[in-house]
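S.K.: See entry01.pdb below, with PDB, C-alpha atoms.
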ATOM      1  CA  MET V 192       8.912-107.135-115.266
ATOM      2  CA  LYS V 193       9.951-110.442-113.735
ATOM      3  CA  VAL V 194       8.903-112.008-110.451
ATOM      4  CA  LYS V 195      10.390-115.119-108.863
ATOM      5  CA  VAL V 196       7.723-117.396-107.409
ATOM      6  CA  ALA V 197       7.862-120.619-105.392
ATOM      7  CA  LEU V 198       5.104-123.195-104.987
ATOM      8  CA  ILE V 199       5.608-125.187-101.792
ATOM      9  CA  GLN V 200       4.481-128.801-102.230
ATOM     10  CA  GLU V 201       4.940-129.935 -98.658
ATOM     11  CA  SER V 202       2.998-131.886 -96.071
ATOM     12  CA  PRO V 203       1.582-130.168 -92.988
ATOM     13  CA  VAL V 204       2.090-131.318 -89.430
ATOM     14  CA  PHE V 205      -1.447-132.611 -89.256
ATOM     15  CA  PHE V 206      -3.813-131.112 -86.642
ATOM     16  CA  ASP V 207      -0.918-129.187 -85.072
ATOM     17  CA  LYS V 208      -1.259-125.469 -85.723
ATOM     18  CA  GLU V 209       1.882-124.400 -83.889
ATOM     19  CA  ALA V 210       4.070-126.926 -85.716
ATOM     20  CA  CYS V 211       2.532-125.891 -89.049
ATOM     21  CA  LEU V 212       3.257-122.238 -88.340
ATOM     22  CA  GLN V 213       6.876-123.068 -87.580
ATOM     23  CA  LYS V 214       7.106-125.055 -90.819
ATOM     24  CA  VAL V 215       5.759-122.088 -92.788
ATOM     25  CA  ALA V 216       8.383-119.859 -91.170
ATOM     26  CA  LEU V 217      11.260-122.252 -91.929
ATOM     27  CA  LEU V 218      10.230-122.749 -95.545
ATOM     28  CA  SER V 219       9.704-119.027 -96.015
ATOM     29  CA  LYS V 220      13.184-118.273 -94.733
ATOM     30  CA  LYS V 221      14.719-120.949 -96.955
ATOM     31  CA  TYR V 222      13.164-119.856-100.229
ATOM     32  CA  ALA V 223      13.367-116.133 -99.531
ATOM     33  CA  ALA V 224      17.133-116.691 -99.217
ATOM     34  CA  GLU V 225      17.028-118.080-102.760
ATOM     35  CA  GLY V 226      15.528-114.841-104.027
ATOM     36  CA  CYS V 227      11.861-115.857-104.202
ATOM     37  CA  GLN V 228       9.471-112.911-103.905
ATOM     38  CA  LEU V 229       6.157-114.798-103.711
ATOM     39  CA  LEU V 230       5.553-118.098-101.881
ATOM     40  CA  VAL V 231       2.361-120.117-102.345
ATOM     41  CA  PHE V 232       1.253-122.888 -99.964
ATOM     42  CA  PRO V 233      -1.455-125.561-100.539
ATOM     43  CA  GLU V 234      -5.103-125.612 -99.529
ATOM     44  CA  SER V 235      -5.609-125.821 -95.742
ATOM     45  CA  PHE V 236      -1.883-126.217 -95.115
ATOM     46  CA  ILE V 237      -2.680-125.157 -91.549
ATOM     47  CA  PRO V 238      -3.705-127.424 -89.816
ATOM     48  CA  GLY V 239      -3.999-129.836 -92.768
ATOM     49  CA  TYR V 240      -6.607-130.865 -95.305
ATOM     50  CA  PRO V 241      -8.740-133.476 -93.456
ATOM     51  CA  ARG V 242      -8.632-136.057 -96.235
ATOM     52  CA  GLY V 243     -10.229-139.382 -95.408
ATOM     53  CA  PHE V 244     -12.219-138.294 -92.333
ATOM     54  CA  THR V 245     -16.008-138.432 -92.006
ATOM     55  CA  PHE V 246     -16.198-136.550 -88.690
ATOM     56  CA  GLY V 247     -18.780-139.160 -87.750
ATOM     57  CA  ALA V 248     -21.422-137.595 -90.008
ATOM     58  CA  THR V 249     -23.954-139.493 -92.085
ATOM     59  CA  ILE V 250     -27.323-138.256 -93.260
ATOM     60  CA  GLY V 251     -29.504-137.983 -90.171
ATOM     61  CA  ASN V 252     -26.777-138.837 -87.661
ATOM     62  CA  ARG V 253     -23.606-137.495 -86.043
ATOM     63  CA  THR V 254     -21.411-139.310 -83.537
ATOM     64  CA  ASP V 255     -19.808-138.094 -80.317
ATOM     65  CA  SER V 256     -16.365-139.118 -81.588
ATOM     66  CA  GLY V 257     -16.939-137.094 -84.744
ATOM     67  CA  ARG V 258     -17.847-134.035 -82.703
ATOM     68  CA  GLU V 259     -14.687-134.491 -80.637
ATOM     69  CA  LEU V 260     -12.574-134.692 -83.792
ATOM     70  CA  TYR V 261     -14.191-131.520 -85.113
ATOM     71  CA  ALA V 262     -13.413-129.768 -81.834
ATOM     72  CA  ARG V 263      -9.720-130.698 -82.176
ATOM     73  CA  TYR V 264      -9.685-129.474 -85.772
ATOM     74  CA  HIS V 265     -11.385-126.271 -84.647
ATOM     75  CA  GLU V 266      -8.866-125.762 -81.851
ATOM     76  CA  ASN V 267      -5.959-125.999 -84.294
ATOM     77  CA  SER V 268      -7.453-123.690 -86.914
ATOM     78  CA  VAL V 269      -6.117-120.178 -87.534
ATOM     79  CA  VAL V 270      -7.567-116.968 -86.106
ATOM     80  CA  LEU V 271      -6.761-113.965 -88.285
ATOM     81  CA  ALA V 272      -6.114-111.805 -85.255
ATOM     82  CA  GLY V 273      -3.815-111.900 -82.253
ATOM     83  CA  LYS V 274      -0.773-114.162 -82.092
ATOM     84  CA  ASP V 275      -1.607-116.291 -85.162
ATOM     85  CA  LEU V 276      -1.770-113.283 -87.459
ATOM     86  CA  GLU V 277       1.170-111.567 -85.774
ATOM     87  CA  PHE V 278       3.337-114.636 -86.406
ATOM     88  CA  LEU V 279       2.410-114.830 -90.094
ATOM     89  CA  GLU V 280       2.812-111.104 -90.688
ATOM     90  CA  ARG V 281       6.213-111.204 -89.003
ATOM     91  CA  THR V 282       7.233-114.134 -91.229
ATOM     92  CA  ALA V 283       6.393-112.142 -94.364
ATOM     93  CA  ARG V 284       8.057-108.995 -93.065
ATOM     94  CA  GLU V 285      11.298-110.557 -91.806
ATOM     95  CA  ASN V 286      11.795-112.475 -95.059
ATOM     96  CA  ASN V 287      10.629-109.618 -97.305
ATOM     97  CA  ILE V 288       8.245-111.871 -99.228
ATOM     98  CA  TYR V 289       4.620-112.072-100.219
ATOM     99  CA  LEU V 290       2.897-115.148 -98.786
ATOM    100  CA  VAL V 291      -0.276-116.779-100.079
ATOM    101  CA  LEU V 292      -1.259-119.477 -97.632
ATOM    102  CA  GLY V 293      -4.092-121.983 -97.432
ATOM    103  CA  ILE V 294      -5.579-122.230 -93.945
ATOM    104  CA  THR V 295      -8.629-123.471 -92.135
ATOM    105  CA  GLU V 296      -9.829-120.229 -90.601
ATOM    106  CA  LYS V 297     -11.598-119.949 -87.267
ATOM    107  CA  GLU V 298     -13.816-116.877 -87.153
ATOM    108  CA  PRO V 299     -13.749-115.876 -83.463
ATOM    109  CA  THR V 300     -17.417-114.910 -83.112
ATOM    110  CA  HIS V 301     -18.931-118.275 -84.056
ATOM    111  CA  GLY V 302     -18.103-121.959 -84.264
ATOM    112  CA  SER V 303     -18.006-122.389 -88.050
ATOM    113  CA  LEU V 304     -14.789-122.825 -90.017
ATOM    114  CA  TYR V 305     -13.785-121.536 -93.453
ATOM    115  CA  CYS V 306     -11.415-122.947 -96.029
ATOM    116  CA  SER V 307      -9.455-119.775 -96.657
ATOM    117  CA  MET V 308      -6.580-118.393 -98.690
ATOM    118  CA  ILE V 309      -4.782-115.458 -97.074
ATOM    119  CA  TYR V 310      -2.568-112.862 -98.731
ATOM    120  CA  LEU V 311       0.309-111.388 -96.714
ATOM    121  CA  SER V 312       2.526-108.457 -97.705
ATOM    122  CA  PRO V 313       6.028-107.821 -96.344
ATOM    123  CA  THR V 314       5.096-104.188 -95.677
ATOM    124  CA  SER V 315       1.334-104.102 -95.136
ATOM    125  CA  GLY V 316       0.775-107.406 -93.358
ATOM    126  CA  LEU V 317      -2.561-109.089 -94.049
ATOM    127  CA  LEU V 318      -3.878-107.733 -97.333
ATOM    128  CA  GLY V 319      -7.041-109.827 -97.250
ATOM    129  CA  VAL V 320      -8.621-113.247 -97.223
ATOM    130  CA  HIS V 321     -10.538-115.340 -99.719
ATOM    131  CA  ARG V 322     -12.997-117.761 -98.148
ATOM    132  CA  LYS V 323     -14.028-120.701-100.308
ATOM    133  CA  ILE V 324     -17.503-119.884-101.595
ATOM    134  CA  LYS V 325     -18.533-123.512-102.168
ATOM    135  CA  PRO V 326     -16.936-126.379-100.231
ATOM    136  CA  THR V 327     -17.175-129.530-102.325
ATOM    137  CA  GLY V 328     -19.096-132.644-101.341
ATOM    138  CA  THR V 329     -18.548-133.708 -97.757
ATOM    139  CA  GLU V 330     -16.170-130.766 -97.180
ATOM    140  CA  ARG V 331     -19.420-129.000 -96.274
ATOM    141  CA  ILE V 332     -19.407-130.946 -92.999
ATOM    142  CA  VAL V 333     -16.475-128.917 -91.673
ATOM    143  CA  TRP V 334     -16.376-125.741 -93.807
ATOM    144  CA  THR V 335     -19.043-123.111 -94.249
ATOM    145  CA  GLU V 336     -19.391-120.867 -97.320
ATOM    146  CA  GLY V 337     -17.770-117.510 -97.938
ATOM    147  CA  ASP V 338     -19.416-114.737 -99.949
ATOM    148  CA  ALA V 339     -18.460-112.296-102.695
ATOM    149  CA  SER V 340     -16.756-109.955-100.235
ATOM    150  CA  SER V 341     -13.852-112.412-100.234
ATOM    151  CA  LEU V 342     -13.467-112.502-104.041
ATOM    152  CA  VAL V 343     -10.369-110.402-103.475
ATOM    153  CA  THR V 344      -7.592-109.140-105.748
ATOM    154  CA  PHE V 345      -4.446-107.196-104.930
ATOM    155  CA  ASP V 346      -2.273-104.956-107.098
ATOM    156  CA  THR V 347       1.234-105.461-105.697
ATOM    157  CA  PRO V 348       4.828-104.864-106.789
ATOM    158  CA  VAL V 349       5.036-108.585-107.664
ATOM    159  CA  GLY V 350       1.928-108.497-109.867
ATOM    160  CA  ARG V 351      -1.835-108.375-109.593
ATOM    161  CA  LEU V 352      -2.786-111.321-107.383
ATOM    162  CA  GLY V 353      -6.059-113.220-107.119
ATOM    163  CA  GLY V 354      -7.410-116.737-107.358
ATOM    164  CA  LEU V 355      -9.767-119.432-106.182
ATOM    165  CA  ILE V 356      -9.473-122.595-104.098
ATOM    166  CA  CYS V 357      -9.736-126.101-105.580
ATOM    167  CA  TRP V 358     -13.099-126.829-107.254
ATOM    168  CA  GLU V 359     -14.228-123.211-107.065
ATOM    169  CA  ASN V 360     -12.130-123.083-110.203
ATOM    170  CA  TYR V 361     -14.846-125.103-111.962
ATOM    171  CA  MET V 362     -17.347-122.277-111.320
ATOM    172  CA  PRO V 363     -17.366-120.139-114.499
ATOM    173  CA  MET V 364     -18.769-117.024-112.817
ATOM    174  CA  ALA V 365     -16.200-117.244-110.019
ATOM    175  CA  ARG V 366     -13.409-117.371-112.597
ATOM    176  CA  ILE V 367     -14.880-114.377-114.407
ATOM    177  CA  SER V 368     -14.861-112.447-111.122
ATOM    178  CA  MET V 369     -11.073-112.829-111.160
ATOM    179  CA  TYR V 370     -10.600-112.125-114.873
ATOM    180  CA  ARG V 371     -12.601-108.907-114.665
ATOM    181  CA  LYS V 372     -10.119-107.643-112.079
ATOM    182  CA  GLY V 373      -7.204-108.119-114.471
ATOM    183  CA  VAL V 374      -5.457-110.843-112.475
ATOM    184  CA  GLN V 375      -1.903-111.556-113.633
ATOM    185  CA  LEU V 376      -0.950-114.257-111.105
ATOM    186  CA  TYR V 377      -3.949-116.533-110.632
ATOM    187  CA  ILE V 378      -3.350-118.644-107.519
ATOM    188  CA  ALA V 379      -5.120-121.995-107.196
ATOM    189  CA  PRO V 380      -4.277-123.961-104.045
ATOM    190  CA  THR V 381      -5.964-127.355-104.129
ATOM    191  CA  ALA V 382      -6.322-130.849-102.722
ATOM    192  CA  ASP V 383      -7.087-132.305-106.178
ATOM    193  CA  ALA V 384      -4.269-134.649-107.200
ATOM    194  CA  ARG V 385      -5.814-136.072-110.374
ATOM    195  CA  PRO V 386      -3.861-135.730-113.633
ATOM    196  CA  GLU V 387      -7.002-134.129-115.099
ATOM    197  CA  TRP V 388      -6.531-131.178-112.737
ATOM    198  CA  THR V 389      -3.491-130.100-114.723
ATOM    199  CA  ALA V 390      -5.650-129.735-117.822
ATOM    200  CA  SER V 391      -8.107-127.598-115.855
ATOM    201  CA  LEU V 392      -5.344-125.207-114.824
ATOM    202  CA  GLN V 393      -4.061-124.992-118.386
ATOM    203  CA  HIS V 394      -7.558-124.061-119.506
ATOM    204  CA  ILE V 395      -7.796-121.329-116.843
ATOM    205  CA  ALA V 396      -4.464-119.890-117.956
ATOM    206  CA  LEU V 397      -5.630-119.796-121.576
ATOM    207  CA  GLU V 398      -9.073-118.483-120.706
ATOM    208  CA  GLY V 399      -7.867-115.855-118.236
ATOM    209  CA  ARG V 400      -4.651-114.954-120.069
ATOM    210  CA  CYS V 401      -2.763-115.100-116.786
ATOM    211  CA  PHE V 402      -0.087-117.155-115.092
ATOM    212  CA  VAL V 403      -1.671-119.939-113.041
ATOM    213  CA  LEU V 404       0.050-121.169-109.881
ATOM    214  CA  GLY V 405      -1.523-124.468-108.854
ATOM    215  CA  CYS V 406      -0.198-125.641-105.492
ATOM    216  CA  ASN V 407      -1.027-128.963-103.822
ATOM    217  CA  GLN V 408       0.412-130.894-100.894
ATOM    218  CA  TYR V 409       2.022-134.314-100.953
ATOM    219  CA  PHE V 410       0.579-136.500 -98.218
ATOM    220  CA  THR V 411       0.708-140.163 -97.257
ATOM    221  CA  ARG V 412      -1.275-142.179 -94.738
ATOM    222  CA  SER V 413       1.813-142.691 -92.594
ATOM    223  CA  MET V 414       2.120-138.920 -92.138
ATOM    224  CA  TYR V 415      -1.031-138.888 -90.014
ATOM    225  CA  PRO V 416      -0.460-139.157 -86.263
ATOM    226  CA  GLU V 417      -1.087-142.734 -85.141
ATOM    227  CA  ALA V 418      -4.032-141.618 -83.013
ATOM    228  CA  TYR V 419      -6.002-140.728 -86.146
ATOM    229  CA  LEU V 420      -5.290-143.773 -88.330
ATOM    230  CA  ASP V 421      -8.284-145.781 -87.098
ATOM    231  CA  LEU V 422     -10.582-142.939 -88.182
ATOM    232  CA  LEU V 423      -9.585-143.117 -91.850
ATOM    233  CA  GLN V 424     -11.987-144.760 -94.270
ATOM    234  CA  ASP V 425      -9.418-146.538 -96.443
ATOM    235  CA  ASP V 426      -5.880-147.850 -96.151
ATOM    236  CA  THR V 427      -4.390-146.187 -99.239
ATOM    237  CA  GLU V 428      -0.831-145.128 -98.425
ATOM    238  CA  ASN V 429      -0.303-142.469-101.100
ATOM    239  CA  MET V 430      -3.283-140.265-100.243
ATOM    240  CA  CYS V 431      -2.373-137.120-102.186
ATOM    241  CA  ARG V 432       0.168-137.311-105.014
ATOM    242  CA  GLY V 433       0.672-133.561-105.312
ATOM    243  CA  GLY V 434       0.769-132.312-108.897
ATOM    244  CA  SER V 435       1.730-128.683-108.303
ATOM    245  CA  VAL V 436       2.218-126.843-111.587
ATOM    246  CA  ILE V 437       3.008-123.419-113.037
ATOM    247  CA  VAL V 438       1.312-122.514-116.333
ATOM    248  CA  SER V 439       1.937-119.586-118.697
ATOM    249  CA  PRO V 440      -0.776-117.242-120.065
ATOM    250  CA  LEU V 441      -0.698-119.263-123.290
ATOM    251  CA  GLY V 442      -1.341-122.521-121.466
ATOM    252  CA  LYS V 443       2.216-123.844-121.579
ATOM    253  CA  ILE V 444       3.477-125.771-118.549
ATOM    254  CA  LEU V 445       6.541-123.984-117.212
ATOM    255  CA  GLN V 446       7.238-126.129-114.134
ATOM    256  CA  GLY V 447       5.785-129.438-112.963
ATOM    257  CA  PRO V 448       3.536-131.201-112.470
ATOM    258  CA  LEU V 449       5.416-132.463-109.406
ATOM    259  CA  TRP V 450       4.180-135.926-108.445
ATOM    260  CA  ASP V 451       4.707-138.314-105.519
ATOM    261  CA  GLN V 452       7.147-136.264-103.472
ATOM    262  CA  THR V 453       7.523-133.137-101.428
ATOM    263  CA  GLY V 454       9.382-130.314-103.090
ATOM    264  CA  VAL V 455       9.144-126.841-104.554
ATOM    265  CA  LEU V 456       8.534-125.407-108.012
ATOM    266  CA  ILE V 457      10.437-122.188-108.668
ATOM    267  CA  ALA V 458      10.072-119.999-111.737
ATOM    268  CA  SER V 459      10.954-116.489-112.818
ATOM    269  CA  LEU V 460       7.833-115.154-114.534
ATOM    270  CA  ASN V 461       7.833-112.274-117.001
ATOM    271  CA  LEU V 462       4.599-110.382-116.359
ATOM    272  CA  ASP V 463       4.890-108.729-119.776
ATOM    273  CA  GLU V 464       3.756-112.072-121.189
ATOM    274  CA  VAL V 465       0.303-111.421-119.723
ATOM    275  CA  THR V 466      -0.114-108.348-121.937
ATOM    276  CA  GLN V 467       1.457-110.085-124.925
ATOM    277  CA  SER V 468      -1.013-112.967-124.641
ATOM    278  CA  LYS V 469      -3.958-110.571-125.004
ATOM    279  CA  LEU V 470      -3.145-109.674-128.602
ATOM    280  CA  ASP V 471      -5.608-112.264-129.872
ATOM    281  CA  PHE V 472      -7.789-112.971-126.817
ATOM    282  CA  ASP V 473      -8.639-110.793-123.825
ATOM    283  CA  PRO V 474     -11.398-111.943-121.420
ATOM    284  CA  ASN V 475     -11.386-108.523-119.791
ATOM    285  CA  GLY V 476     -11.254-106.549-123.038
ATOM    286  CA  HIS V 477     -12.236-107.151-126.640
ATOM    287  CA  TYR V 478     -13.698-110.609-125.911
ATOM    288  CA  THR V 479     -15.882-109.367-123.045
ATOM    289  CA  ARG V 480     -18.833-108.211-125.187
ATOM    290  CA  ASP V 481     -20.549-106.095-122.553
ATOM    291  CA  ASP V 482     -23.146-105.253-125.194
ATOM    292  CA  LEU V 483     -24.304-108.881-125.021
ATOM    293  CA  PHE V 484     -23.529-110.040-121.494
ATOM    294  CA  GLU V 485     -23.773-108.560-118.023
ATOM    295  CA  PHE V 486     -21.730-109.791-115.081
ATOM    296  CA  ILE V 487     -22.374-108.880-111.445
ATOM    297  CA  ALA V 488     -20.551-110.241-108.397
ATOM    298  CA  LYS V 489     -22.669-108.992-105.504
ATOM    299  CA  GLY V 490     -20.401-107.373-102.942
ATOM    300  CA  GLN V 491     -17.054-108.086-104.595
ATOM    301  CA  PRO V 492     -14.527-105.494-103.354
ATOM    302  CA  GLU V 493     -12.394-103.264-105.517
ATOM    303  CA  THR V 494      -8.797-104.299-106.098
ATOM    304  CA  LEU V 495      -6.566-103.203-103.220
ATOM    305  CA  LYS V 496      -3.262-101.580-104.157
ATOM    306  CA  ASP V 497      -0.262-102.516-102.032
ATOM    307  CA  ASN V 498       2.812-100.321-102.473
ATOM    308  CA  VAL V 499       6.265-101.184-101.217
TER     309      VAL V 499
END
I need this file expressed as structure tokens, please.

M.R.:
Amino acid sequence: MKVKVALIQESPVFFDKEACLQKVALLSKKYAAEGCQLLVFPESFIPGYPRGFTFGATIGNRTDSGRELYARYHENSVVLAGKDLEFLERTARENNIYLVLGITEKEPTHGSLYCSMIYLSPTSGLLGVHRKIKPTGTERIVWTEGDASSLVTFDTPVGRLGGLICWENYMPMARISMYRKGVQLYIAPTADARPEWTASLQHIALEGRCFVLGCNQYFTRSMYPEAYLDLLQDDTENMCRGGSVIVSPLGKILQGPLWDQTGVLIASLNLDEVTQSKLDFDPNGHYTRDDLFEFIAKGQPETLKDNV
């Protein structure tokens, strides 16, 4: 079985939810017309990963300007209900594609935000959401933590989907929570543009015996609206080099890494290679050793089956 996937290494329209949604729709239409069945977008593509901002927070102190910036970020974050969700579900349906999209999610009953990855089906709409379980470093200023209920996996006609966001992928137990569900397409949106990140994704592919789809954005300082430039902490122009990459279940790089430009990585993946790779190593089978080790993810849901 083969599935054609596209990793969208693009820049968001920063802090502008409506413009970001329109960009997702345009890119979805473009690559669906090229026969892609699954599109993956970077971490917090809507309304943008807030690289370089402090939100006026230091230990023991927050500023009024930082609170105002947070309020603008909050206003432009995505609600997974109403018109935001309807737009995204319609985009998947009209283009007959699966969408995996990094967003900053606004939960409507409280003021906290999540760094989330949403899964959209062309027939079923929103399949589910993964909320980052551990924002890294000062990301914790703007994003709260998800729990095991969002360690989601989906059995779809384009493969069994799952994954983690950015440095969650350095959490061994979080990775195991995906492996134990038999993930075939392990999706890893990120904001990490270091060359070392590529090696991490190769390791995950080898360890999990799955295809790894690592999607990042390309972003420069000049892409920020002028009103925000004075808030940045450094004057580096090339702020995020990208580095999106597609890796096989045997750790071979199939496409990428794509550096220093916007673009797309497209590959036709043979899902039979996932089974073939488990001849000598299977983290969910003969290498599990349940007689020695016990793994529990408290509250992790069962894999949802999506039929077309």

S.K.: Which residues come within 10 Å of stretch 474-490 of chain V, counting all atoms listed in the file, excluding same-chain residues fewer than 6 positions away, as a ChimeraX atom specification?

M.R.: /V:338-342,364-365,367-374,397-400

S.K.: Evaluating the PyMOL selection byres ((chain V and resi 193) around 6) on the displayed file yields which residues, as a PyMOL selection string?

M.R.: chain V and resi 192+194+460-462

S.K.: Could you work out how far atom CA of V:Glu234 lies from atom CA of V:Gln393, giving the answer in Å with one decimal?

M.R.: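 Spanning atom CA of V:Gln393 to atom CA of V:Glu234 is a straight-line distance of 18.9 Å.
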
S.K.: I need the residue nearest V:Ile250 from this list: V:Gln228, V:Asn286, V:Thr329, V:Gln200. Use only C-alpha atoms for the distance.

M.R.: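 Nearest to V:Ile250: V:Thr329.
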
S.K.: Which residues of stretch 371-461 of chain V sit at most 12 Å from stretch 318-322 of chain V, using only C-alpha atoms? Give each one's shortest atom pair and distance in Å (one decimal place), in chain and ascending residue order, as a tab-separated table.

M.R.:
residue	atom	partner	partner_atom	distance
V:Ile378	CA	V:His321	CA	11.1
V:Ala379	CA	V:His321	CA	11.4
V:Pro380	CA	V:His321	CA	11.5

S.K.: For a test of reading the model, state the distance in Å between atom CA of V:Gln213 and atom CA of V:Asn267, rounded to one decimal.

M.R.: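 Interatomic distance, atom CA of V:Gln213 to atom CA of V:Asn267: 13.6 Å.
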
S.K.: With the file shown as input, list the residues that the PyMOL selection byres ((chain V and resi 248) around 12) selects, as a PyMOL selection string.

M.R.: chain V and resi 244-247+249-261+329-333

S.K.: Applied to this file, what does the PyMOL selection byres ((chain V and resi 290-297) around 7) return in terms of residues, put as a PyMOL selection string?

M.R.: chain V and resi 229-238+265+268-270+283+288-289+298-299+303-312+380

S.K.: Restricting the calculation to only C-alpha atoms, which member of V:Ser468, V:Thr427, V:Ser439, V:Gln452 is positioned closest to V:Gly243?

M.R.: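 That would be V:Thr427, the residue with the smallest distance to V:Gly243.
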
S.K.: With only C-alpha atoms as the basis for distance, which of V:Val196, V:Ala382, V:Ala223, V:Val204 is at the shortest distance from V:Met414?

M.R.: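 Of the candidates, the smallest distance to V:Met414 is held by V:Val204.
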
S.K.: Which residue out of V:Thr314, V:Asn407, V:Thr347, V:Thr327 has the minimum interatomic distance to V:Val436 when all atoms listed in the file are used?

M.R.: V:Asn407

S.K.: Can you list, as a list of chain:residue names, every protein, DNA or RNA residue that comes within 10 Å of stretch 444-446 of chain V when you count all atoms listed in the file, leaving out same-chain residues fewer than 4 positions away?

M.R.: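 Here the qualifying residues turn out to be V:Leu198, V:Thr389, V:Ala390, V:Leu392, V:Gln393, V:Ala396, V:Phe402, V:Val403, V:Leu404, V:Ser435, V:Val436, V:Ile437, V:Val438, V:Ser439, V:Pro440, V:Val455, V:Leu456, V:Ile457, V:Ala458, V:Ser459, V:Leu460.
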
S.K.: What's the separation between atom CA of V:Glu201 and atom CA of V:Gly454, in Å to one decimal place?

M.R.: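 Calculated distance between atom CA of V:Glu201 and atom CA of V:Gly454 is 6.3 Å.
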
S.K.: Could you check which of V:Lys323, V:Lys220, V:Arg366, V:Arg385 is closest to V:Arg281, using all atoms listed in the file?

M.R.: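 Answer, going by the shortest atom-to-atom distance: V:Lys220.
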
S.K.: With the input short on atoms, add N, CA and C atoms back to stretch 355-373 of chain V and write it as an mmCIF file, in the frame of the given file.

M.R.:
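Saved to rebuild-v5.cif:
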data_model
loop_
_atom_site.group_PDB
_atom_site.id
_atom_site.type_symbol
_atom_site.label_atom_id
_atom_site.label_comp_id
_atom_site.auth_asym_id
_atom_site.auth_seq_id
_atom_site.Cartn_x
_atom_site.Cartn_y
_atom_site.Cartn_z
ATOM 1 N N LEU V 355 -8.688 -118.652 -106.773
ATOM 2 C CA LEU V 355 -9.767 -119.432 -106.182
ATOM 3 C C LEU V 355 -9.193 -120.738 -105.653
ATOM 4 N N ILE V 356 -9.949 -121.395 -104.763
ATOM 5 C CA ILE V 356 -9.473 -122.595 -104.098
ATOM 6 C C ILE V 356 -10.121 -123.830 -104.714
ATOM 7 N N CYS V 357 -9.307 -124.776 -105.157
ATOM 8 C CA CYS V 357 -9.736 -126.101 -105.580
ATOM 9 C C CYS V 357 -10.909 -126.030 -106.559
ATOM 10 N N TRP V 358 -12.029 -126.694 -106.266
ATOM 11 C CA TRP V 358 -13.099 -126.829 -107.254
ATOM 12 C C TRP V 358 -13.934 -125.575 -107.437
ATOM 13 N N GLU V 359 -13.675 -124.508 -106.676
ATOM 14 C CA GLU V 359 -14.228 -123.211 -107.065
ATOM 15 C C GLU V 359 -13.804 -122.870 -108.486
ATOM 16 N N ASN V 360 -12.652 -123.384 -108.877
ATOM 17 C CA ASN V 360 -12.130 -123.083 -110.203
ATOM 18 C C ASN V 360 -12.957 -123.702 -111.318
ATOM 19 N N TYR V 361 -13.905 -124.574 -110.978
ATOM 20 C CA TYR V 361 -14.846 -125.103 -111.962
ATOM 21 C C TYR V 361 -16.113 -124.249 -112.053
ATOM 22 N N MET V 362 -16.186 -123.167 -111.302
ATOM 23 C CA MET V 362 -17.347 -122.277 -111.320
ATOM 24 C C MET V 362 -17.067 -121.135 -112.296
ATOM 25 N N PRO V 363 -17.700 -121.146 -113.486
ATOM 26 C CA PRO V 363 -17.366 -120.139 -114.499
ATOM 27 C C PRO V 363 -17.511 -118.700 -114.022
ATOM 28 N N MET V 364 -18.569 -118.397 -113.270
ATOM 29 C CA MET V 364 -18.769 -117.024 -112.817
ATOM 30 C C MET V 364 -17.709 -116.606 -111.797
ATOM 31 N N ALA V 365 -17.263 -117.561 -110.979
ATOM 32 C CA ALA V 365 -16.200 -117.244 -110.019
ATOM 33 C C ALA V 365 -14.905 -116.915 -110.760
ATOM 34 N N ARG V 366 -14.606 -117.680 -111.803
ATOM 35 C CA ARG V 366 -13.409 -117.371 -112.597
ATOM 36 C C ARG V 366 -13.521 -115.983 -113.231
ATOM 37 N N ILE V 367 -14.694 -115.681 -113.770
ATOM 38 C CA ILE V 367 -14.880 -114.377 -114.407
ATOM 39 C C ILE V 367 -14.663 -113.255 -113.399
ATOM 40 N N SER V 368 -15.060 -113.480 -112.137
ATOM 41 C CA SER V 368 -14.861 -112.447 -111.122
ATOM 42 C C SER V 368 -13.383 -112.116 -110.943
ATOM 43 N N MET V 369 -12.509 -113.074 -111.207
ATOM 44 C CA MET V 369 -11.073 -112.829 -111.160
ATOM 45 C C MET V 369 -10.581 -112.177 -112.456
ATOM 46 N N TYR V 370 -11.039 -112.686 -113.596
ATOM 47 C CA TYR V 370 -10.600 -112.125 -114.873
ATOM 48 C C TYR V 370 -10.948 -110.645 -114.992
ATOM 49 N N ARG V 371 -12.160 -110.286 -114.515
ATOM 50 C CA ARG V 371 -12.601 -108.907 -114.665
ATOM 51 C C ARG V 371 -11.769 -107.945 -113.822
ATOM 52 N N LYS V 372 -11.027 -108.473 -112.879
ATOM 53 C CA LYS V 372 -10.119 -107.643 -112.079
ATOM 54 C C LYS V 372 -8.713 -107.570 -112.675
ATOM 55 N N GLY V 373 -8.503 -108.198 -113.820
ATOM 56 C CA GLY V 373 -7.204 -108.119 -114.471
ATOM 57 C C GLY V 373 -6.102 -108.897 -113.781
#
